[in-house]
>>> print(open('structure34.cif').read())   # mmCIF, C-alpha atoms and all ligand atoms
data_final
loop_
_atom_site.label_atom_id
_atom_site.label_comp_id
_atom_site.auth_asym_id
_atom_site.auth_seq_id
_atom_site.Cartn_x
_atom_site.Cartn_y
_atom_site.Cartn_z
CA MET A 18 89.31 119.05 90.87
CA SER A 19 91.47 118.77 87.77
CA LYS A 20 90.16 120.07 84.47
CA LYS A 21 89.92 116.60 82.98
CA ASN A 22 87.64 115.40 85.80
CA ALA A 23 85.19 118.27 85.34
CA TRP A 24 83.02 116.39 82.82
CA VAL A 25 82.08 113.77 85.45
CA MET A 26 80.67 116.35 87.86
CA LYS A 27 78.99 118.26 85.03
CA ALA A 28 77.34 115.05 83.73
CA LEU A 29 76.17 114.08 87.24
CA HIS A 30 74.85 117.55 87.90
CA GLU A 31 72.77 117.50 84.74
CA LEU A 32 71.08 114.16 85.52
CA PRO A 33 67.40 114.12 86.63
CA LEU A 34 67.04 113.66 90.43
CA ALA A 35 65.87 110.02 90.24
CA MET A 36 68.82 109.06 88.08
CA LYS A 37 71.19 110.94 90.35
CA ALA A 38 69.92 108.88 93.30
CA LYS A 39 70.29 105.66 91.31
CA ALA A 40 73.83 106.51 90.20
CA MET A 41 74.78 107.32 93.80
CA LYS A 42 73.24 104.07 95.08
CA HIS A 43 75.17 102.02 92.52
CA PHE A 44 78.35 103.86 93.34
CA LEU A 45 77.98 103.27 97.09
CA GLN A 46 77.03 99.63 96.67
CA GLY A 47 79.81 98.96 94.17
CA ASN A 48 82.37 97.86 96.70
CA LYS A 49 80.03 95.46 98.47
CA LYS A 50 78.31 93.88 95.49
CA TYR A 51 80.91 93.58 92.78
CA MET A 52 84.26 93.45 94.52
CA LYS A 53 85.89 90.07 94.36
CA LYS A 54 88.28 89.48 97.24
CA GLY A 55 91.70 87.82 97.35
CA ILE A 56 92.77 88.77 93.84
CA GLN A 57 95.51 91.05 92.55
CA ALA A 58 93.41 92.89 89.96
CA ASP A 59 92.05 96.24 91.09
CA MET A 60 88.30 95.51 90.74
CA ASP A 61 87.32 99.04 91.67
CA ALA A 62 89.39 100.38 88.75
CA ILE A 63 88.16 97.61 86.42
CA ILE A 64 84.50 98.46 87.15
CA LYS A 65 85.01 102.20 86.76
CA CYS A 66 86.89 101.70 83.49
CA ALA A 67 84.46 99.05 82.18
CA THR A 68 81.49 101.35 82.75
CA CYS A 69 83.19 104.43 81.34
CA PRO A 70 82.01 105.58 77.90
CA ASN A 71 85.55 104.89 76.66
CA MET A 72 86.60 108.51 77.04
CA CYS A 73 90.16 107.82 75.92
CA LYS A 74 89.51 105.39 73.09
CA PHE A 75 90.45 107.77 70.29
CA ASP A 76 93.98 107.82 71.60
CA CYS A 77 94.46 104.08 72.01
CA PRO A 78 96.83 102.95 69.24
CA VAL A 79 95.75 99.31 69.59
CA LEU A 80 92.12 100.17 68.91
CA GLU A 81 93.18 102.41 66.06
CA ALA A 82 95.15 99.55 64.49
CA GLU A 83 92.51 96.85 65.01
CA LYS A 84 89.21 98.78 64.79
CA ASN A 85 87.76 96.25 67.23
CA GLU A 86 85.90 97.66 70.24
CA ALA A 87 86.89 94.65 72.34
CA LEU A 88 90.44 95.98 72.18
CA SER A 89 89.49 99.52 73.21
CA PRO A 90 90.56 100.61 76.72
CA ALA A 91 87.10 100.14 78.30
CA GLY A 92 86.52 97.05 76.13
CA LYS A 93 89.56 95.40 77.68
CA ALA A 94 88.38 96.40 81.17
CA ARG A 95 84.96 94.83 80.46
CA ILE A 96 86.59 91.57 79.36
CA ALA A 97 88.80 91.69 82.46
CA TYR A 98 85.64 92.00 84.59
CA PHE A 99 83.99 89.02 82.89
CA LEU A 100 87.13 86.87 83.11
CA GLU A 101 87.75 87.79 86.73
CA ASN A 102 84.18 86.85 87.67
CA GLY A 103 84.15 83.59 85.72
CA LEU A 104 81.52 84.91 83.28
CA LEU A 105 83.84 84.29 80.36
CA ASP A 106 86.41 81.57 79.80
CA SER A 107 88.19 81.71 76.46
CA ASP A 108 91.75 81.76 75.16
CA TYR A 109 90.91 84.69 72.88
CA ALA A 110 89.68 86.76 75.83
CA ARG A 111 92.88 85.98 77.73
CA GLU A 112 94.97 86.99 74.69
CA ILE A 113 93.12 90.32 74.67
CA MET A 114 94.43 90.93 78.19
CA TYR A 115 97.86 91.26 76.53
CA ALA A 116 96.72 93.50 73.65
CA CYS A 117 98.09 96.68 75.16
CA SER A 118 101.40 98.35 74.40
CA SER A 119 101.57 99.94 77.85
CA CYS A 120 101.91 103.31 76.12
CA GLU A 121 99.72 105.12 78.67
CA ALA A 122 98.04 107.34 76.07
CA CYS A 123 94.79 106.48 77.90
CA LYS A 124 96.17 107.90 81.16
CA GLU A 125 96.78 111.26 79.49
CA HIS A 126 93.01 111.65 79.00
CA CYS A 127 91.46 109.56 81.75
CA PRO A 128 89.44 111.52 84.35
CA PHE A 129 90.40 108.85 86.92
CA ASP A 130 94.08 108.95 85.97
CA PHE A 131 93.94 105.27 85.08
CA SER A 132 96.42 103.58 82.87
CA VAL A 133 94.72 100.56 81.33
CA ALA A 134 98.18 98.98 81.22
CA ASP A 135 98.23 99.03 85.05
CA ILE A 136 94.68 97.66 85.23
CA LEU A 137 95.55 94.78 82.88
CA ARG A 138 98.76 94.00 84.73
CA GLY A 139 96.78 93.18 87.89
CA MET A 140 94.51 90.97 85.82
CA ARG A 141 97.51 89.17 84.29
CA ARG A 142 98.88 88.44 87.76
CA ASP A 143 95.66 86.59 88.56
CA MET A 144 95.89 84.67 85.29
CA VAL A 145 99.46 83.67 86.22
CA MET A 146 98.24 82.51 89.66
CA GLU A 147 95.55 80.41 87.96
CA GLY A 148 98.03 79.01 85.41
CA LYS A 149 95.90 80.37 82.56
CA VAL A 150 98.24 82.58 80.52
CA PRO A 151 98.31 82.36 76.70
CA GLU A 152 100.88 79.92 75.30
CA ARG A 153 103.02 82.65 73.72
CA VAL A 154 103.25 84.42 77.08
CA ALA A 155 104.42 81.26 78.84
CA GLU A 156 107.03 80.70 76.10
CA LEU A 157 108.43 84.22 76.54
CA LYS A 158 108.66 83.73 80.29
CA ASN A 159 110.51 80.44 79.81
CA GLU A 160 112.93 82.02 77.34
CA LEU A 161 113.78 84.73 79.85
CA LEU A 162 114.20 82.35 82.76
CA GLU A 163 116.50 80.18 80.69
CA LYS A 164 118.69 82.86 79.05
CA HIS A 165 118.13 85.87 81.36
CA VAL A 166 117.92 88.10 78.25
CA MET A 167 115.45 88.40 75.38
CA GLY A 168 117.37 87.09 72.38
CA GLU A 169 121.18 87.18 72.39
CA ARG A 170 123.73 88.94 74.56
CA ASN A 171 126.35 90.68 72.41
CA PHE A 172 127.86 93.21 74.83
CA SER A 173 129.83 92.21 77.90
CA GLY A 174 132.70 93.57 79.97
CA ASP A 175 134.15 93.31 83.47
CA GLY A 176 131.52 95.49 85.15
CA LYS A 177 134.19 97.75 86.72
CA GLY A 178 133.99 101.47 86.02
CA SER A 179 132.48 104.65 87.41
CA VAL A 180 129.76 104.51 84.75
CA ILE A 181 128.01 101.28 83.81
CA TYR A 182 126.54 101.14 80.34
CA PHE A 183 123.36 99.04 80.50
CA ALA A 184 122.69 98.19 76.86
CA GLY A 185 119.38 96.34 77.41
CA CYS A 186 118.00 93.36 75.49
CA VAL A 187 117.05 95.20 72.30
CA VAL A 188 120.48 96.80 71.84
CA ASN A 189 122.16 93.50 72.71
CA ASN A 190 120.05 91.53 70.32
CA GLU A 191 118.86 93.69 67.43
CA ARG A 192 120.31 97.18 67.62
CA LYS A 193 124.02 96.66 68.17
CA GLU A 194 124.78 99.89 66.30
CA ILE A 195 123.27 101.89 69.18
CA GLY A 196 125.57 100.19 71.70
CA GLU A 197 128.55 100.82 69.41
CA ALA A 198 127.60 104.51 69.15
CA MET A 199 127.40 104.78 72.95
CA ILE A 200 130.84 103.19 73.29
CA LYS A 201 132.26 105.75 70.80
CA ILE A 202 130.78 108.53 72.95
CA PHE A 203 132.25 107.07 76.18
CA GLU A 204 135.67 106.71 74.55
CA ASN A 205 135.58 110.16 72.95
CA VAL A 206 134.99 111.88 76.31
CA GLY A 207 137.41 109.61 78.21
CA GLU A 208 134.69 108.12 80.45
CA LYS A 209 135.66 105.18 82.69
CA TYR A 210 132.78 103.09 81.51
CA ALA A 211 132.09 99.41 81.98
CA ILE A 212 129.63 96.82 80.71
CA MET A 213 128.34 94.13 83.04
CA GLU A 214 130.03 90.75 82.86
CA GLU A 215 126.70 89.07 82.26
CA GLU A 216 123.94 91.62 81.78
CA TRP A 217 120.48 90.30 82.67
CA CYS A 218 117.24 91.77 81.36
CA CYS A 219 115.85 94.53 83.63
CA GLY A 220 112.88 92.16 84.09
CA TYR A 221 110.20 94.41 82.62
CA PRO A 222 108.70 91.74 80.33
CA LEU A 223 108.18 89.50 83.38
CA TYR A 224 106.68 92.37 85.37
CA ASN A 225 104.42 93.37 82.50
CA MET A 226 103.25 89.84 81.74
CA GLY A 227 102.33 89.26 85.40
CA PHE A 228 105.18 87.01 86.60
CA MET A 229 105.96 88.87 89.80
CA GLU A 230 108.01 86.22 91.62
CA GLU A 231 110.29 85.80 88.62
CA PHE A 232 110.53 89.57 88.14
CA LYS A 233 111.60 89.99 91.75
CA GLU A 234 114.38 87.45 91.25
CA PHE A 235 115.74 89.50 88.30
CA ALA A 236 115.37 92.78 90.20
CA ILE A 237 117.19 91.54 93.30
CA ARG A 238 120.03 90.10 91.22
CA ASN A 239 120.43 93.26 89.09
CA ALA A 240 120.34 95.59 92.09
CA ARG A 241 122.94 93.48 93.93
CA LYS A 242 125.30 93.53 90.91
CA PHE A 243 124.87 97.29 90.46
CA ASN A 244 125.41 98.01 94.16
CA GLU A 245 128.48 95.75 94.37
CA SER A 246 130.06 97.36 91.29
CA GLY A 247 130.82 100.63 93.11
CA ALA A 248 129.68 102.57 90.00
CA GLU A 249 128.28 106.07 90.43
CA LYS A 250 125.99 106.02 87.45
CA ILE A 251 124.14 103.60 85.18
CA VAL A 252 123.43 104.82 81.66
CA CYS A 253 120.59 103.06 79.83
CA SER A 254 119.90 103.26 76.09
CA CYS A 255 116.42 101.87 76.66
CA PRO A 256 113.84 104.15 78.34
CA THR A 257 112.05 101.08 79.73
CA CYS A 258 115.17 99.83 81.56
CA ALA A 259 115.65 103.36 82.99
CA HIS A 260 111.97 103.47 84.06
CA VAL A 261 112.13 100.03 85.69
CA PHE A 262 115.30 100.85 87.66
CA THR A 263 114.06 104.34 88.62
CA ASN A 264 110.41 103.63 89.44
CA ILE A 265 109.50 99.95 89.62
CA TYR A 266 112.38 98.50 91.66
CA PRO A 267 111.91 101.12 94.43
CA GLU A 268 108.13 100.42 94.46
CA MET A 269 109.09 96.85 95.39
CA GLY A 270 111.52 98.01 98.07
CA ILE A 271 114.59 97.22 95.94
CA ARG A 272 117.16 100.02 96.03
CA ILE A 273 119.87 100.79 93.48
CA LYS A 274 122.67 103.00 94.80
CA PRO A 275 124.10 104.37 91.50
CA GLU A 276 122.21 107.17 89.77
CA ILE A 277 120.11 105.95 86.83
CA VAL A 278 120.12 108.06 83.68
CA HIS A 279 118.79 107.60 80.21
CA SER A 280 121.37 108.05 77.43
CA SER A 281 119.68 111.27 76.19
CA SER A 282 120.18 112.94 79.60
CA TYR A 283 123.74 111.65 79.86
CA ILE A 284 124.62 113.00 76.39
CA LEU A 285 123.00 116.37 77.08
CA HIS A 286 125.04 116.67 80.29
CA LEU A 287 128.27 115.95 78.34
CA ILE A 288 127.37 118.62 75.76
CA ARG A 289 126.59 121.19 78.45
CA GLU A 290 129.86 120.43 80.22
CA GLY A 291 131.70 121.05 76.96
CA LYS A 292 132.98 117.48 76.76
CA ILE A 293 131.35 116.87 73.38
CA SER A 294 131.87 119.36 70.56
CA LEU A 295 129.51 119.17 67.64
CA GLU A 296 130.11 120.25 64.07
CA GLU A 297 127.62 121.31 61.43
CA ASN A 298 125.28 118.57 60.21
CA LYS A 299 122.93 120.15 57.71
CA MET A 300 119.62 118.30 57.56
CA SER A 301 116.04 118.39 58.79
CA VAL A 302 114.91 115.77 61.32
CA VAL A 303 111.65 114.80 62.97
CA TYR A 304 111.91 113.50 66.54
CA HIS A 305 109.72 110.56 67.56
CA ASP A 306 109.07 110.68 71.33
CA PRO A 307 109.25 107.19 72.89
CA CYS A 308 106.15 106.73 75.13
CA THR A 309 108.12 105.64 78.19
CA LEU A 310 110.59 108.51 77.97
CA ALA A 311 107.94 111.18 77.39
CA ARG A 312 105.15 109.88 79.65
CA LYS A 313 106.60 107.64 82.37
CA LEU A 314 110.00 109.30 82.85
CA GLU A 315 108.92 112.76 81.64
CA VAL A 316 112.37 113.29 80.12
CA ASP A 317 112.67 115.62 77.13
CA ASP A 318 116.47 115.95 76.86
CA ALA A 319 116.75 114.42 73.37
CA ARG A 320 115.18 117.55 71.83
CA ASN A 321 117.80 119.75 73.48
CA VAL A 322 120.58 117.47 72.22
CA ILE A 323 119.21 117.71 68.67
CA LYS A 324 118.88 121.49 68.98
CA SER A 325 122.53 121.79 70.01
CA ILE A 326 123.77 120.29 66.74
CA PRO A 327 124.57 123.18 64.38
CA GLY A 328 122.75 123.04 61.04
CA ILE A 329 119.98 120.68 62.17
CA GLU A 330 116.42 121.80 61.68
CA LEU A 331 114.12 120.03 64.18
CA ARG A 332 110.57 119.52 62.94
CA GLU A 333 107.72 118.23 65.09
CA ALA A 334 105.23 115.48 64.27
CA MET A 335 101.59 116.41 64.86
CA LEU A 336 101.55 114.00 67.83
CA HIS A 337 104.67 114.74 69.85
CA GLY A 338 105.87 115.15 73.43
CA LYS A 339 103.38 113.57 75.86
CA GLU A 340 100.89 113.39 72.99
CA THR A 341 103.15 111.01 71.08
CA ARG A 342 101.83 107.90 69.31
CA CYS A 343 103.24 104.47 70.25
CA CYS A 344 105.58 102.76 67.76
CA GLY A 345 103.77 99.45 68.39
CA ASN A 346 106.69 97.70 70.03
CA GLY A 347 105.79 98.39 73.68
CA GLY A 348 104.48 95.87 76.19
CA GLN A 349 105.86 92.83 74.29
CA MET A 350 103.26 93.51 71.57
CA ALA A 351 105.72 92.59 68.82
CA ARG A 352 106.12 89.14 70.33
CA ILE A 353 102.59 88.47 71.58
CA HIS A 354 100.43 90.32 69.02
CA GLU A 355 102.80 90.77 66.10
CA SER A 356 100.24 91.71 63.45
CA ILE A 357 98.73 94.47 65.63
CA SER A 358 102.21 95.72 66.44
CA ILE A 359 103.06 95.99 62.71
CA LYS A 360 99.86 97.95 61.99
CA MET A 361 100.63 100.32 64.87
CA ALA A 362 104.14 100.92 63.51
CA GLU A 363 102.76 101.63 60.02
CA LYS A 364 100.44 104.28 61.46
CA ARG A 365 103.29 105.99 63.28
CA LYS A 366 105.50 105.83 60.20
CA GLU A 367 102.76 107.69 58.27
CA ASP A 368 102.72 110.45 60.93
CA LEU A 369 106.47 110.84 60.66
CA LYS A 370 106.55 110.75 56.84
CA GLU A 371 104.02 113.59 56.68
CA ILE A 372 106.66 115.91 58.10
CA MET A 373 108.90 115.35 55.06
CA ALA A 374 112.13 115.60 57.05
CA ASP A 375 115.42 114.18 55.80
CA ALA A 376 115.63 111.75 58.73
CA VAL A 377 113.83 110.47 61.81
CA VAL A 378 115.47 110.50 65.24
CA SER A 379 114.38 108.64 68.34
CA ALA A 380 115.89 107.72 71.68
CA CYS A 381 114.68 104.15 72.20
CA PRO A 382 116.07 100.99 70.61
CA SER A 383 112.59 99.37 70.42
CA CYS A 384 111.16 102.40 68.60
CA LYS A 385 114.03 102.19 66.10
CA THR A 386 113.32 98.51 65.44
CA ALA A 387 109.62 99.21 64.89
CA LEU A 388 109.89 102.37 62.81
CA MET A 389 113.16 101.99 60.92
CA GLU A 390 112.73 103.07 57.32
CA GLY A 391 114.90 105.40 55.22
CA ARG A 392 117.31 107.48 57.33
CA PHE A 393 116.64 106.66 60.97
CA TYR A 394 118.96 107.53 63.86
CA ASP A 395 119.00 106.74 67.51
CA LEU A 396 120.09 109.94 69.29
CA ALA A 397 123.49 108.39 70.14
CA GLU A 398 124.14 107.62 66.47
CA LEU A 399 123.20 111.17 65.43
CA VAL A 400 125.58 112.58 68.04
CA VAL A 401 128.44 110.32 66.89
CA GLU A 402 127.87 111.42 63.29
CA SER A 403 127.95 115.09 64.33
CA MET A 404 130.74 114.86 66.91
CA ILE A 405 134.16 116.49 66.31
CA LYS A 406 136.36 113.46 66.90
S1 LIG B 501 91.13 104.54 81.00
FE1 LIG B 501 89.82 106.10 81.93
S2 LIG B 501 88.97 107.28 80.20
FE2 LIG B 501 89.80 105.34 79.38
S3 LIG B 501 88.03 103.98 79.34
FE3 LIG B 501 89.08 103.62 81.28
S4 LIG B 501 88.10 104.99 82.76
FE4 LIG B 501 87.49 105.67 80.70
S1 LIG B 502 98.12 101.80 77.54
FE1 LIG B 502 98.05 102.42 75.36
S2 LIG B 502 97.60 100.52 74.25
FE2 LIG B 502 97.07 100.15 76.41
S3 LIG B 502 94.89 100.64 76.55
FE3 LIG B 502 96.02 102.50 77.10
S4 LIG B 502 96.17 103.65 75.17
FE4 LIG B 502 95.60 101.52 74.63
#
>>> encode(input="structure34.cif", output="structure tokens", more="lines below")
Ligand code: SF4
Ligand code: SF4
Amino acid sequence: MSKKNAWVMKALHELPLAMKAKAMKHFLQGNKKYMKKGIQADMDAIIKCATCPNMCKFDCPVLEAEKNEALSPAGKARIAYFLENGLLDSDYAREIMYACSSCEACKEHCPFDFSVADILRGMRRDMVMEGKVPERVAELKNELLEKHVMGERNFSGDGKGSVIYFAGCVVNNERKEIGEAMIKIFENVGEKYAIMEEEWCCGYPLYNMGFMEEFKEFAIRNARKFNESGAEKIVCSCPTCAHVFTNIYPEMGIRIKPEIVHSSSYILHLIREGKISLEENKMSVVYHDPCTLARKLEVDDARNVIKSIPGIELREAMLHGKETRCCGNGGQMARIHESISIKMAEKRKEDLKEIMADAVVSACPSCKTALMEGRFYDLAELVVESMIK
């Protein structure tokens, strides 16, 4: 048994005999009495999480921002239970089902290894089936189905090259400077790179909001385009796109032939191969770990890139690596629960300011949008600034 599960056994062991018997009886009867059939939500996980004493709540950035127990991890599971069983029927409760940035901080501490984001996603699928999603969620879905990207599409090419640069919606729409920095890197090292003729969103917002049929349509189309391109590699600036292509498409039986890499890993590889030479850049930086890169992809290459720049002093935030704190922009929070998302970003900015570094560096376009203040670099921009051209 893992260390983090030990408390459950210890707590059970210390119970008086009568209570032990009662707990066991409830546990054994759980499946029969409380399990609703024919739904996509995982009722077993919802019940376990709803009855948990909120073991992970101190790490939930949404609860920290809102100070409202209903938005705590177990609070959301309890509301999911009530909604799923028809004991509650309110728009506010359904909006709460989307008050999660999918950061998976809860999973880091959960004795059951639950991610409340996963639990809520099942719940959202049922809400989609019932046609009961919040208005804002339906609008976002419609925008994606109509335009195939969130916002505007500013990067396009002929899609023919050994490396495809997948900019992602945030770079395309809000963070063009990151795409421009990546292009400078490709050109500096003589890479035969290409941008898709008409890049579609990776589909994550649809997946996360519960629109599985629509997500599948995006996934099948993207995979077909990638596989037909003949490219060997796809480089993503956005950790979420890289996570979706690496982990979620295969879970649905959709295979992408080219290798998927996040830009931080691609850049580190170029440095190690001697294709990028870096000159002195004297400053101190604090690195903000994007949740998806650190927790879902478990990639830590950005730190090694920063460390290879001569003259840079890398400082660490108190919450870093897998213990990072969400920027507030994950899980469509900025579009569905904007005010919570802003409070979450403010909290993370405070963490980063405490370090008193000259600049902040991250490796995710969404994190840059949420946290940008003072000198803020995406890793690609820092590398371009430090590169011997
Ligand atoms: S995610 Fe795990 S630790 Fe957090 S409330 Fe649910 S069951 Fe408890
Ligand atoms: S995934 Fe993050 S935001 Fe969502 S419940 Fe867990 S800790 Fe809170």
>>> residues_around(input="structure34.cif", residues="range 385-392 of chain A", least_positions_apart="5", cutoff="7 Å", atoms="all atoms listed in the file", output="ChimeraX atom specification")
/A:344-346,362,366,376-377,379
>>> closest_residue(input="structure34.cif", among="A:Ser301, A:Asn225, A:Ser118, A:Ser282", to="Val322 in chain A", atoms="all atoms listed in the file")
A:Ser282
>>> residues_near_ligand(input="structure34.cif", ligand="ligand LIG 502 (chain B)", cutoff="6 Å", atoms="all atoms listed in the file", output="count of residues only")
15
>>> residues_near_ligand(input="structure34.cif", ligand="ligand LIG 501 (chain B)", cutoff="7 Å", atoms="only C-alpha atoms and all ligand atoms", output="list in words")
Lys65, Cys66, Ala67, Cys69, Pro70, Asn71, Met72, Cys73, Lys74, Pro90, Ala91, Cys123, Lys124, His126, Cys127, Pro128, Phe129, Asp130, Phe131, Ser132 and Val133 of chain A
>>> atom_distance(input="structure34.cif", atom1="CA of Lys164 in chain A", atom2="CA of Cys384 in chain A")
23.4 Å
>>> closest_residue(input="structure34.cif", among="A:Glu194, A:Glu296, A:Leu162, A:Phe183", to="Glu230 in chain A", atoms="all atoms listed in the file")
A:Leu162
